[in-house]
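Worksheet: the structure to be examined is printed underneath.
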Amino acid sequence: MNVDISRYLLILAASFIGSLILTPLVKVLSSKFGKVAEVREDRWHKKPTALLGGIAIWASWVIVTTFFTPQFNYKLPILLSATAIFILGLIDDIVKLNPQVKLVGQIIIASSLTLSGIVIEIIPYPVISIPFTILWLVGITNSFNLLDNMDGLSAGIAAIASASLGIFLVQSGSYSIAPLAFILMGASLGFLVYNFNPAKIFMGDCGSMFLGFLLSSTAIIGTWREASNLIATMIVPLLVLGIPIFDTTFVTLTRKLRGKAISEGGKDHISHRLVALGLSERQVVLSLYGFSILFALLALYFSINPFVIMTVAVLSAIGLYLFGIFLGDEKMYSSSNKEIEVIIAKRQYRKSGINLSRRRIAEIIMDLILISVAYFSAYLLRFEGRLINPNLTFFVNTLPWVVIVKLIVFYYFGVYQSIWRYVGIRDMTAIVKGATLSTLIIMVGIVMTARFKDYSRAVFIADWLLTVVMIGGSRLALRSLKEYLIDHRKSDGRRIIIIGAGDAGELILREIRNNNDINFNVVGFIDDDPAKQKYRIHGIPVVGDTENLKEIKQKYNIEDAIIAIPSASRETMDRILNKCKKANLNIRTLPVIIRGIMEEVATN
């Protein structure tokens with residue numbers, strides 16, 4: 001069947017223009033009647049901002065949906081229930097409902113929608129499917145409510161989710177339902193013009209709850225009502241709505257652990273934490289847009305193959321788990337010296353062996369999943385994305401042995417005794433050794449038992465490579481993200497150079513990067529050794545020697561110099577100090593604590 005793209009573009013443009021026109025009118029009325037979000041300690045905005053922008057989103061969507069979309073079975077129930085959730089949010093914006101009252105109202109509205117027949121039908125048992133439908137509707141509704149914590153975030157994510165959901169519905173042949181998503185996309189984009197940083201108006205609960213409820217209900221009638229491609233229909237909505245689901249889960253868990261009510265406001269969302277780590281508000285919002293687009297593209301591209309989409313979904317979940325660990329790890333940015341922490345931790349591990357703390361157990365479980373995904377992906381690559389008997393049988397029969405052997409060998413090589421945020425070459429070497437030895441053991445076992453009859457050797461080669469990439473990548477991801485954010489945060493700090501491109505200089509560079517209390521931006525190294533010129537240490541270049549300090553100071557706008565040559569003679573030190581004085585550089589000598597660390601490292 002030919003798809004009339006112009007029809008979808010027309011209704012998208014109509015809702016966009018409607019929202020674009022209505023939003024400033026709502027802003028004027030909200031300000032006139034005093035419906036303004038005041039500045040509060042637990043809120044992010046820094047000046048009073050008009051509320052109730054959700055009225056424009058709701059009105060433009062309802063008008064275009066009512067008059068410009070064809071009739072289908074669930075059009076009226078969707079219109080009525082979405083309007084009911086909007087009214088509930090509007091009442092909350094005006095009179096501030098008790099969180100329990102608001103939750104009961106959401107449950108009632110979600111339950112009434114199920115009475116019209118909108119139920120997740122891939123679950124064949126009504127006693128399970130109806131409660132799960134209500135939970136899904138209420139959960140996503142509150143996810144977008146919680147996500148509305150930074151200028152442009154909720155509206156932008158809603159627009160991306162609506163677009164990807166609409167495209168998926170067209171691909172799957174749901175032509176009468178797809179307009180609901182495209183109209184919501186237009187309404188969200190029209191509002192986003194005024195809501196992007198710096199926001200001139202907020203959508204309020206009436207807008208965020210409406211967006212979440214409509215997206216969740218559209219996902220049900222568009223993707224979760226057919227079981228012809230069960231895995232795809234289950235995972236696609238989860239990928240499309242991945243960011244709000246992740247943010248809600250993250251905030252819920254962290255607030256529970258701190259004994260704080262989930263319904264309370266706060267600056268503890270993923271967006272707030274990323275700003276605290278050094279990104280600007282716009283960079284955070286655009287980054288989350290990027291993640292949302294990535295998940296949407298994965299859902300659209302891989303929806304044709306349930307095996308592939310299941311693999312991608314698992315890897316996405318692990319990626320979000322690691323991201324959550326990174327954001328929730330307060331010790332990562334403590335002011336304590338990280339090198340001392342490394343030494344102490346290594347001593348503790350040498351004395352007590354593997355520490356089966358909750359974090360370690362989580363690491364082992366995650367590796368178990370990654371090993372399984374790597375082995376499964378190797379089969380998918382070898383057989384071009386299709387697994388049928390007998391290959392599927394071979395995979396199932398050998399998977400337990402693959403997992404057991406790899407976990408034991410990884411433990412033997414000390415993979416579970418490393419600290420992820422300090423992962424280095426030795427840790428990666430241990431992973432490569434573990435993957436290599438375990439692959440050899442598995443292949444020898446198959447040779448002895450089955451002589452590789454009907455088994456593909458290419459599978460095990462691909463499995464080795466994927467295991468190294470996935471297990472190693474999971475370790476490097478946290479460190480890479482940490483270093484990127486630290487470099488970004490330090491970029492506006494006091495500009496300094498380190499004199500001495502040796503071990504001491506490298507240690508000082510790491511301490512400056514890791515210590516949140518030291519706001520220095522290391523611009524370069526200075527060293528008189530000609531062999532070190534134009535080389536880099538952790539990405540920081542050696543920019544010259546001490547004879548050119550004055551020119552280097554002017555060229556790079558340097559303010560301070562740290563001397564990191566603990567073995568320098570008195571004569572050499574006096575010469576360097578004299579050069580720095582002539583260049584009008586403030587001098588900072590090698591900290592005593594770094595010297596102690598160097599001595600400790602040298603003796604181990």
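We name chains A, B, ... following the order of the structure tokens; residues begin at 1 in each chain, and ligands are numbered from 1 as shown.
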
When you look at segment 208-218 of chain A with a cut-off of 9 Å (counting only C-alpha atoms), what residues show up, excluding the ones that are within fewer than 5 positions of it in the same chain? I need them as a ChimeraX atom specification.
/A:54,57-58,78,81-89,110,113,118,133,136-148,154-155,158,161-162,165,177-178,180-181,184,188,203,223,237,241

Need the shell around Lys75 of chain A: protein/DNA/RNA residues with any atom at most 10 Å away, counting only C-alpha atoms. Skip same-chain ones fewer than 5 positions apart. Format as JSON, numbers by chain?
{"A": [65, 66, 69, 70, 80, 176, 177, 180]}

Could you write out that same residue set with N, CA and C atoms as an mmCIF file, in the first residue's frame?
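Generated output (result11.cif):
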data_model
loop_
_atom_site.group_PDB
_atom_site.id
_atom_site.type_symbol
_atom_site.label_atom_id
_atom_site.label_comp_id
_atom_site.auth_asym_id
_atom_site.auth_seq_id
_atom_site.Cartn_x
_atom_site.Cartn_y
_atom_site.Cartn_z
ATOM 1 N N THR A 65 -6.546 16.599 15.734
ATOM 2 C CA THR A 65 -6.989 15.202 15.789
ATOM 3 C C THR A 65 -8.482 15.075 15.516
ATOM 4 N N THR A 66 -9.255 15.986 16.083
ATOM 5 C CA THR A 66 -10.717 15.920 15.934
ATOM 6 C C THR A 66 -11.162 16.168 14.495
ATOM 7 N N THR A 69 -8.245 14.005 11.198
ATOM 8 C CA THR A 69 -7.835 12.592 11.176
ATOM 9 C C THR A 69 -9.054 11.713 10.939
ATOM 10 N N PRO A 70 -8.858 10.572 10.290
ATOM 11 C CA PRO A 70 -9.995 9.679 10.020
ATOM 12 C C PRO A 70 -10.503 9.025 11.298
ATOM 13 N N LEU A 80 -10.936 11.450 24.856
ATOM 14 C CA LEU A 80 -11.546 11.716 26.168
ATOM 15 C C LEU A 80 -10.568 11.472 27.317
ATOM 16 N N SER A 176 -4.061 4.467 10.373
ATOM 17 C CA SER A 176 -5.072 5.306 11.025
ATOM 18 C C SER A 176 -4.606 5.804 12.389
ATOM 19 N N ILE A 177 -3.633 5.110 12.994
ATOM 20 C CA ILE A 177 -3.149 5.477 14.327
ATOM 21 C C ILE A 177 -1.941 6.396 14.238
ATOM 22 N N LEU A 180 -1.887 10.240 15.163
ATOM 23 C CA LEU A 180 -1.872 10.673 16.562
ATOM 24 C C LEU A 180 -0.463 11.060 16.997
#

Taking only C-alpha atoms into account, which of A:Ser377, A:Thr249, A:Thr23, A:Ser60 comes nearest Ile309 of chain A?
A:Ser377

Would you please give, as a PyMOL selection string, all residues of segment 113-303 of chain A that DSSP assigns to helix (DSSP H, G or I) based on the backbone?
chain A and resi 113-115+126-147+153-171+178-195+204-223+230-240+242-257+270-276+281-302

Residue contacts of Phe68 of chain A (10 Å, only C-alpha atoms) excluding same-chain residues fewer than 2 positions away, as a list in words
Arg7, Leu10, Ile11, Ala14, Val62, Ile63, Val64, Thr65, Thr66, Pro70, Gln71, Pro179 and Ile183 of chain A
